[in-house]
Amino acid sequence: MTSGRVGVHHLLLVLLVVLLNSYLLPASQFDPYHVLGVSRTASQSEIKRAYKQLAREWHPDKNKDPRAEDKFIQISKAYELLSNEEKRMNFDRYGETEEGPGYSQQQQYQHFNRFHHSFFDESFFQYSFSSGGRDISDEKYLLHFTNYVNEVVPDSFRKPYLIKVTSDWCFSCVHIEPVWKEVVQELEMLGVGIGVIHAGYERRLAQHVGAHSTPSIFGLINGKVSFFHNAVIRENLRQFVESLLPGNLVEKVTDKSVVNFLSTWQQENKPRVLLFDHIPGVPLLYKLEAFAYKDFVRFGYVDLGREETEEMTRRYNVNTHAPTMLSFKENVNKPADVIQARGMKKQIMDDFISSNKFLLVPRLINQKLFEELCPVKKLHRQRKYCVVLITGEGESFSKTYDAFLSFAATNSRETVRFVYMYYRRQQEFANALLTTISDIRAASWVVFLERRNEAGKVFYKLSKDSWSGSEENKSVLFDGLNMLKSEPGFLSASTVVPELNDELAPIFFLQWFYTVTEYVSDFWDTMLHNNWREMMPLVSLIFSALFILFGTVIIQAFSDSGDEREERDEKPSKREKMPKSESKNETHTRDTSRVPKKGFVEVTELTDINYKSNLVRLWPGHINVVLVLSSSTKNALLYKFAQEVYSFTGSQTLHFSFLNLDKHKQWLEYLLTFELEASEDSSEKEDPLNTDYTAYVLALNGHKKYFCLFKPQNLFSSSDNSDTSEEREWLLNGEGTQKMSGSSFSTRQIQNKLSRLSLWMERLLEGSLKRHYVPSWPTLD
């Protein structure tokens with residue numbers, strides 16, 4: 001009887017396994033041929049043609065279909081697989097895509113989840129069989145590599161994230177689940193981002209963040225990962241999130257410091273927000289709000305329980321029975337806005353701060369603020385105008401600014417924003433608008449302005465008289481505001497304005513100091529919390545580098561001393577007989593032989609032979625700067641290119657090459673399609689048939705598969721028709737070594753195309769240029 005029951009149970013178990021396998025096996029597989037719509041015998045040119053057509057059609061910036069992003073990713077994966085002959089062969093033979101196991105596992109997991117919920121009752125097992133111990137509430141927080149990189153990391157500059165790394169059949173994960181759910185429910189209401197990474201299905205993402213075990217919990221802020229190493233209890237997790245935030249977000253304000261806190265609005269160009277509350281410490285919710293709006297508002301906190309705040313409370317008539325928020329702008333004696341609520345929730349704070357995040361007349365100090373205050377017109381109903389006061393600094397201009405501020409205070413319109421700038425700090429921007437003014441420093445000027453596209457094109461109208469704040473000025477300005485609404489053609493002039501200088505950007509030394517401090521902090525945190533097994537590769541690398549360094553120094557020291565001794569022993573008589581003049585010449589030659597020749601720039605022609613070594617197999621972190629030229633413009637452009645990049649030749653990570661357009665134009669046009677696809681303004685797209693690509697410069701990162709593009713500017717003038725008379729030799733190394741000097745063939749008009757290349761190179765080294773990614777590098781032939 002017992003054996004019969006065992007047999008029945010065994011038969012039921014086998015039947016269950018068969019049913020599960022039949023349910024899991026039909027999971028759809030990734031077919032790159034089907035994605036690109038080509039046959040299995042398609043040539044590389046047919047695959048490339050299909051990819052280019054589909055990429056243009058499904059690019060997320062052009063196609064607003066919700067499926068566009070996923071479709072574009074599938075198209076890129078398919079092309080990357082089929083354009084590589086080895087990967088294509090493996091797929092044709094074995095169906096391998098290098099991402100198949102993880103992809104199919106995730107699909108099988110989803111299918112199995114649906115099957116489990118439809119077949120089993122949740123009480124069938126005490127331990128959740130479907131998720132290996134993972135709570136079902138984690139589903140909405142699951143992160144994948146793409147949305148982590150493209151969404152979560154950029155969003156971490158506005159709010160911190162608390163992320164858990166888990167896996168199937170992780171019993172420790174089950175143990176911390178009740179605490180995790182409680183903390184998530186509390187912190188999410190405060191504005192903290194929550195995420196869950198399943199290490200089994202997102203192994204690549206787990207390795208990317210450095211999670212080597214489960215369960216792991218880490219915080220993400222400003223793109224930086226910090227792991228949690230304490231006991232998983234509610235208070236520890238809350239303190240961990242609070243420790244992620246910078247310490248200077250909120251200033252504690254008292255009666256003695258309130259004047260200084262409010263009066264520095266002009267230096268920082270930010271309004272002030274004060275929170276009055278009875279809590280001794282700054283509330284976490286208020287710190288999170290301060291972090292979200294740190295670029296726009298300066299935050300202060302007043303503890304109503306302290307005696308040092310009583311005078312301030314009376315001065316601003318604050319009700320001490322409920323939390324109160326005050327917003328101060330240009331007038332430090334009277335708050336611009338007030339809100340009071342017994343339950344100061346996140347939504348209430350958000351609405352209050354977002355409606356008071358700008359001064360009444362803010363100063364344009366960087367491009368980001370300009371785009372916020374004067375957004376590009378999307379629709380006719382969404383038109384936003386800016387009235388810009390271009391003025392100087394100091395007491396002599398204070399009256400004109402005060403008059404402009406008082407006028408703005410009495411003319412509040414939703415479609416108009418009043419701003420000002422100092423022309424000494426934004427000279428290029430001011431000169432682009434005040435082209436008809438001979439001496440812009442003598443007075444202040446008012447400009448009506450409307451942005452039309454992201455490239456910097458604006459329509460504007462310059463006030464006919466300078467701004468002094470007189471009644472006549474105010475009347476003219478008031479009439480101009482009325483004409484903005486009634487006459488569409490009021491803004492008659494147009495121009496392209498350059499980007500604003502960032503007046504608050506730290507100097508290079510401070511940037512370097514902050515970077516070093518961050519690296520030291522990360523290294524120290526790693527040394528404290530990582531075990532030695534994980535640290536062994538790093539320790540081995542450090543000792544190897546030190547051994548090579550000191551070994552090289554010691555060998556060099558012994559070899560130098562041996563050479564000097566041998567030279568001193570063998571040639572004393574010759575040196576004694578040598579005339580003094582020859583001895584001086586020999587010494588001078590020996591001392592200067594190690595100094596590189598001034599004006600030396602090594603530029604290599606990019607050919608089929610050296611293409612892989614100079615681009616495809618370029619070391620990580622190295623960049624090849626390639627000048628595009630033709631046979632007729634070669635000498636002139638190479639001469640100017642060498643002048644522009646000479647100051648950057650000290651960098652060991654930069655290489656310089658040139659590409660002959662007459663030989664490899666098709667390669668260049670294919671690469672530029674990725675720049676055209678990313679362009680949002682279709683009117684600015686270039687016609688490949690009519691485009692002169694000479695003097696284009698591409699910075700190619702072979703390892704990360706992206707390039708930055710420099711387009712020449714036609715700055716020709718009639719005075720530039722004469723040939724250059726400067727004779728300076730620049731040594732350029734191509735397939736053979738060429739020496740060139742200023743020749744009659746090269747003209748200033750050709751060379752002027754590269755006149756701003758050095759500025760572009762500075763932005764390249766800063767990392768602020770736009771990057772255009774390619775799935776794989778095309779062959780040069």
# chains A, B, ... in the order shown; residues from 1 in each chain; ligands from 1

call {"tool": "residues_around", "arguments": {"residues": "stretch 291-300 of chain A", "least_positions_apart": "4", "cutoff": "7 Å", "atoms": "only C-alpha atoms", "output": "list in words"}}
result
Arg158, Lys159, Leu249, Val250, Glu251, Lys252, Val253, Lys270, Pro271, Arg272, Val273, Leu274, Leu275, Lys287, Lys357 and Phe358 of chain A

call {"tool": "write_last_selection", "arguments": {"atoms": "N, CA, C and O atoms", "output": "PDB file, in the first residue's frame"}}
result
ATOM      1  N   ARG A 158      19.286  64.271  -8.488  1.00  0.00           N
ATOM      2  CA  ARG A 158      18.173  65.019  -7.892  1.00  0.00           C
ATOM      3  C   ARG A 158      17.679  64.379  -6.593  1.00  0.00           C
ATOM      4  O   ARG A 158      17.135  65.060  -5.747  1.00  0.00           O
ATOM      5  N   LYS A 159      17.863  63.080  -6.456  1.00  0.00           N
ATOM      6  CA  LYS A 159      17.431  62.413  -5.240  1.00  0.00           C
ATOM      7  C   LYS A 159      18.282  61.165  -5.034  1.00  0.00           C
ATOM      8  O   LYS A 159      18.736  60.539  -6.004  1.00  0.00           O
ATOM      9  N   LEU A 249      23.861  71.173   2.860  1.00  0.00           N
ATOM     10  CA  LEU A 249      22.624  71.465   2.138  1.00  0.00           C
ATOM     11  C   LEU A 249      21.755  72.473   2.871  1.00  0.00           C
ATOM     12  O   LEU A 249      21.155  73.357   2.255  1.00  0.00           O
ATOM     13  N   VAL A 250      21.668  72.341   4.187  1.00  0.00           N
ATOM     14  CA  VAL A 250      20.792  73.188   4.996  1.00  0.00           C
ATOM     15  C   VAL A 250      21.632  73.865   6.076  1.00  0.00           C
ATOM     16  O   VAL A 250      22.398  73.209   6.787  1.00  0.00           O
ATOM     17  N   GLU A 251      21.472  75.179   6.183  1.00  0.00           N
ATOM     18  CA  GLU A 251      22.195  75.950   7.206  1.00  0.00           C
ATOM     19  C   GLU A 251      21.265  76.235   8.384  1.00  0.00           C
ATOM     20  O   GLU A 251      20.130  76.689   8.190  1.00  0.00           O
ATOM     21  N   LYS A 252      21.733  75.965   9.605  1.00  0.00           N
ATOM     22  CA  LYS A 252      20.946  76.287  10.791  1.00  0.00           C
ATOM     23  C   LYS A 252      21.069  77.780  11.070  1.00  0.00           C
ATOM     24  O   LYS A 252      22.176  78.297  11.262  1.00  0.00           O
ATOM     25  N   VAL A 253      19.928  78.463  11.096  1.00  0.00           N
ATOM     26  CA  VAL A 253      19.885  79.923  11.164  1.00  0.00           C
ATOM     27  C   VAL A 253      19.387  80.354  12.535  1.00  0.00           C
ATOM     28  O   VAL A 253      18.417  79.795  13.066  1.00  0.00           O
ATOM     29  N   LYS A 270      20.471  83.211  -5.788  1.00  0.00           N
ATOM     30  CA  LYS A 270      19.451  82.228  -5.414  1.00  0.00           C
ATOM     31  C   LYS A 270      18.517  82.830  -4.371  1.00  0.00           C
ATOM     32  O   LYS A 270      18.965  83.565  -3.481  1.00  0.00           O
ATOM     33  N   PRO A 271      17.219  82.495  -4.431  1.00  0.00           N
ATOM     34  CA  PRO A 271      16.318  82.864  -3.329  1.00  0.00           C
ATOM     35  C   PRO A 271      16.650  82.064  -2.074  1.00  0.00           C
ATOM     36  O   PRO A 271      17.375  81.065  -2.136  1.00  0.00           O
ATOM     37  N   ARG A 272      16.093  82.496  -0.946  1.00  0.00           N
ATOM     38  CA  ARG A 272      16.291  81.818   0.329  1.00  0.00           C
ATOM     39  C   ARG A 272      14.964  81.241   0.808  1.00  0.00           C
ATOM     40  O   ARG A 272      13.916  81.889   0.679  1.00  0.00           O
ATOM     41  N   VAL A 273      15.018  80.031   1.386  1.00  0.00           N
ATOM     42  CA  VAL A 273      13.848  79.397   1.983  1.00  0.00           C
ATOM     43  C   VAL A 273      14.193  79.033   3.419  1.00  0.00           C
ATOM     44  O   VAL A 273      15.227  78.410   3.678  1.00  0.00           O
ATOM     45  N   LEU A 274      13.313  79.438   4.351  1.00  0.00           N
ATOM     46  CA  LEU A 274      13.500  79.141   5.772  1.00  0.00           C
ATOM     47  C   LEU A 274      12.348  78.267   6.252  1.00  0.00           C
ATOM     48  O   LEU A 274      11.178  78.568   5.987  1.00  0.00           O
ATOM     49  N   LEU A 275      12.689  77.178   6.948  1.00  0.00           N
ATOM     50  CA  LEU A 275      11.688  76.317   7.577  1.00  0.00           C
ATOM     51  C   LEU A 275      11.752  76.518   9.089  1.00  0.00           C
ATOM     52  O   LEU A 275      12.814  76.358   9.701  1.00  0.00           O
ATOM     53  N   LYS A 287      15.845  67.963   4.098  1.00  0.00           N
ATOM     54  CA  LYS A 287      17.161  67.758   3.474  1.00  0.00           C
ATOM     55  C   LYS A 287      17.015  67.220   2.053  1.00  0.00           C
ATOM     56  O   LYS A 287      17.755  67.613   1.146  1.00  0.00           O
ATOM     57  N   LYS A 357      11.514  79.141  -6.902  1.00  0.00           N
ATOM     58  CA  LYS A 357      12.917  78.734  -7.068  1.00  0.00           C
ATOM     59  C   LYS A 357      13.754  79.738  -7.851  1.00  0.00           C
ATOM     60  O   LYS A 357      14.955  79.522  -8.031  1.00  0.00           O
ATOM     61  N   PHE A 358      13.131  80.840  -8.318  1.00  0.00           N
ATOM     62  CA  PHE A 358      13.890  81.885  -9.010  1.00  0.00           C
ATOM     63  C   PHE A 358      13.656  83.227  -8.322  1.00  0.00           C
ATOM     64  O   PHE A 358      12.596  83.473  -7.733  1.00  0.00           O
TER      65      PHE A 358
END

call {"tool": "residues_around", "arguments": {"residues": "A:His321", "least_positions_apart": "6", "cutoff": "10 Å", "atoms": "only C-alpha atoms", "output": "count of residues only"}}
result
6

call {"tool": "closest_atom_pairs", "arguments": {"of": "stretch 295-405 of chain A", "to": "stretch 471-492 of chain A", "cutoff": "12 Å", "atoms": "only C-alpha atoms", "output": "tab-separated table"}}
result
residue	atom	partner	partner_atom	distance
A:His380	CA	A:Pro488	CA	10.6
A:Arg381	CA	A:Lys485	CA	11.2
A:Arg383	CA	A:Lys485	CA	10.0
A:Lys384	CA	A:Leu484	CA	10.4
A:Tyr385	CA	A:Leu484	CA	8.3
A:Cys386	CA	A:Leu481	CA	10.2
A:Val387	CA	A:Leu481	CA	8.9
A:Val388	CA	A:Leu477	CA	11.3
A:Leu389	CA	A:Leu477	CA	11.3
A:Thr400	CA	A:Asn473	CA	10.6
A:Ala403	CA	A:Lys474	CA	8.8
A:Phe404	CA	A:Lys474	CA	8.5
A:Leu405	CA	A:Lys474	CA	11.4

call {"tool": "residues_around", "arguments": {"residues": "A:Asn236", "least_positions_apart": "6", "cutoff": "12 Å", "atoms": "only C-alpha atoms", "output": "CSV table (one decimal) with N, CA and C atoms, in the first residue's frame"}}
result
chain,number,residue,atom,x,y,z
A,179,VAL,N,12.0,44.2,7.4
A,179,VAL,CA,12.6,45.5,7.6
A,179,VAL,C,12.7,46.3,6.4
A,180,TRP,N,13.1,45.6,5.3
A,180,TRP,CA,13.2,46.3,4.0
A,180,TRP,C,11.8,46.9,3.6
A,183,VAL,N,11.0,50.0,5.7
A,183,VAL,CA,11.9,51.2,5.3
A,183,VAL,C,11.5,51.8,4.0
A,217,ILE,N,22.9,45.9,0.0
A,217,ILE,CA,22.2,47.1,0.0
A,217,ILE,C,23.2,48.3,-0.3
A,228,PHE,N,26.1,49.7,2.0
A,228,PHE,CA,25.6,49.7,3.4
A,228,PHE,C,26.2,48.5,4.1
A,229,HIS,N,26.9,48.7,5.2
A,229,HIS,CA,27.7,47.6,5.9
A,229,HIS,C,27.3,47.3,7.3
A,230,ASN,N,26.2,47.9,7.8
A,230,ASN,CA,25.7,47.7,9.1
A,230,ASN,C,24.6,46.7,9.2
A,242,GLU,N,20.5,59.3,5.1
A,242,GLU,CA,20.8,60.6,5.5
A,242,GLU,C,22.3,61.0,5.3
A,243,SER,N,23.1,59.9,5.6
A,243,SER,CA,24.6,60.2,5.4
A,243,SER,C,25.0,60.3,4.0

call {"tool": "closest_residue", "arguments": {"among": "A:Ile279, A:Leu284, A:Ala336, A:Leu627", "to": "A:Pro323", "atoms": "only C-alpha atoms"}}
result
A:Ile279

call {"tool": "atom_distance", "arguments": {"atom1": "atom CA of A:Asp255", "atom2": "atom CA of A:Val282"}}
result
17.3 Å

call {"tool": "select_by_dssp", "arguments": {"residues": "stretch 164-230 of chain A", "states": "strand (DSSP E or B)", "output": "ChimeraX atom specification"}}
result
/A:164-166,193-198,216-221,224-227

call {"tool": "closest_residue", "arguments": {"among": "A:Val497, A:Leu659, A:Met761, A:Val318", "to": "A:Pro335", "atoms": "only C-alpha atoms"}}
result
A:Val318

call {"tool": "residues_around", "arguments": {"residues": "stretch 61-78 of chain A", "least_positions_apart": "2", "cutoff": "7 Å", "atoms": "only C-alpha atoms", "output": "MDAnalysis selection string"}}
result
chainID A and resid 32 35:36 51 55 57:59 80:82 678 680 775

call {"tool": "write_last_selection", "arguments": {"atoms": "N, CA, C and O atoms", "output": "CSV table (one decimal), in the first residue's frame"}}
result
chain,number,residue,atom,x,y,z
A,32,PRO,N,18.3,37.9,-35.0
A,32,PRO,CA,18.7,39.2,-35.6
A,32,PRO,C,18.3,39.4,-37.0
A,32,PRO,O,18.1,40.5,-37.5
A,35,VAL,N,14.8,40.7,-37.0
A,35,VAL,CA,14.8,42.1,-36.5
A,35,VAL,C,15.1,43.0,-37.6
A,35,VAL,O,14.5,44.1,-37.8
A,36,LEU,N,16.2,42.7,-38.4
A,36,LEU,CA,16.6,43.6,-39.5
A,36,LEU,C,15.8,43.4,-40.8
A,36,LEU,O,15.9,44.1,-41.7
A,51,TYR,N,20.1,48.2,-41.6
A,51,TYR,CA,20.2,48.7,-40.2
A,51,TYR,C,20.1,50.3,-40.3
A,51,TYR,O,19.4,50.9,-39.4
A,55,ALA,N,17.3,52.1,-38.2
A,55,ALA,CA,17.7,53.0,-37.1
A,55,ALA,C,17.2,54.4,-37.3
A,55,ALA,O,16.8,55.1,-36.3
A,57,GLU,N,14.3,55.1,-38.7
A,57,GLU,CA,12.9,55.0,-38.5
A,57,GLU,C,12.5,54.9,-37.0
A,57,GLU,O,11.6,55.5,-36.6
A,58,TRP,N,13.3,54.1,-36.3
A,58,TRP,CA,13.0,53.8,-34.9
A,58,TRP,C,13.8,54.6,-33.9
A,58,TRP,O,13.8,54.2,-32.7
A,59,HIS,N,14.6,55.6,-34.3
A,59,HIS,CA,15.4,56.3,-33.3
A,59,HIS,C,14.4,57.0,-32.3
A,59,HIS,O,13.5,57.7,-32.7
A,80,GLU,N,24.9,44.7,-34.4
A,80,GLU,CA,26.2,44.4,-33.8
A,80,GLU,C,26.6,42.9,-33.9
A,80,GLU,O,27.8,42.6,-34.1
A,81,LEU,N,25.6,42.1,-33.8
A,81,LEU,CA,25.9,40.6,-34.0
A,81,LEU,C,26.2,40.2,-35.4
A,81,LEU,O,27.1,39.5,-35.7
A,82,LEU,N,25.4,40.7,-36.4
A,82,LEU,CA,25.5,40.3,-37.8
A,82,LEU,C,26.7,41.0,-38.5
A,82,LEU,O,27.2,40.5,-39.4
A,678,ALA,N,21.1,61.7,-34.2
A,678,ALA,CA,20.9,62.3,-32.9
A,678,ALA,C,20.5,63.7,-32.9
A,678,ALA,O,20.1,64.3,-31.9
A,680,GLU,N,18.1,66.7,-33.4
A,680,GLU,CA,16.7,66.9,-33.2
A,680,GLU,C,16.1,67.9,-34.3
A,680,GLU,O,14.9,67.8,-34.6
A,775,PRO,N,27.6,51.2,-33.0
A,775,PRO,CA,27.6,49.8,-32.5
A,775,PRO,C,28.9,49.1,-32.7
A,775,PRO,O,29.3,48.3,-31.9

call {"tool": "closest_residue", "arguments": {"among": "A:Met349, A:Ile365, A:Ile554, A:Val209", "to": "A:Asn501", "atoms": "only C-alpha atoms"}}
result
A:Ile365

call {"tool": "atom_distance", "arguments": {"atom1": "atom CA of A:Tyr773", "atom2": "atom CA of A:Phe674"}}
result
7.2 Å

call {"tool": "atom_distance", "arguments": {"atom1": "atom CA of A:Ala695", "atom2": "atom CA of A:Ser647"}}
result
18.9 Å

call {"tool": "closest_residue", "arguments": {"among": "A:Asp138, A:Glu289, A:Glu428, A:Glu268", "to": "A:Thr166", "atoms": "only C-alpha atoms"}}
result
A:Asp138
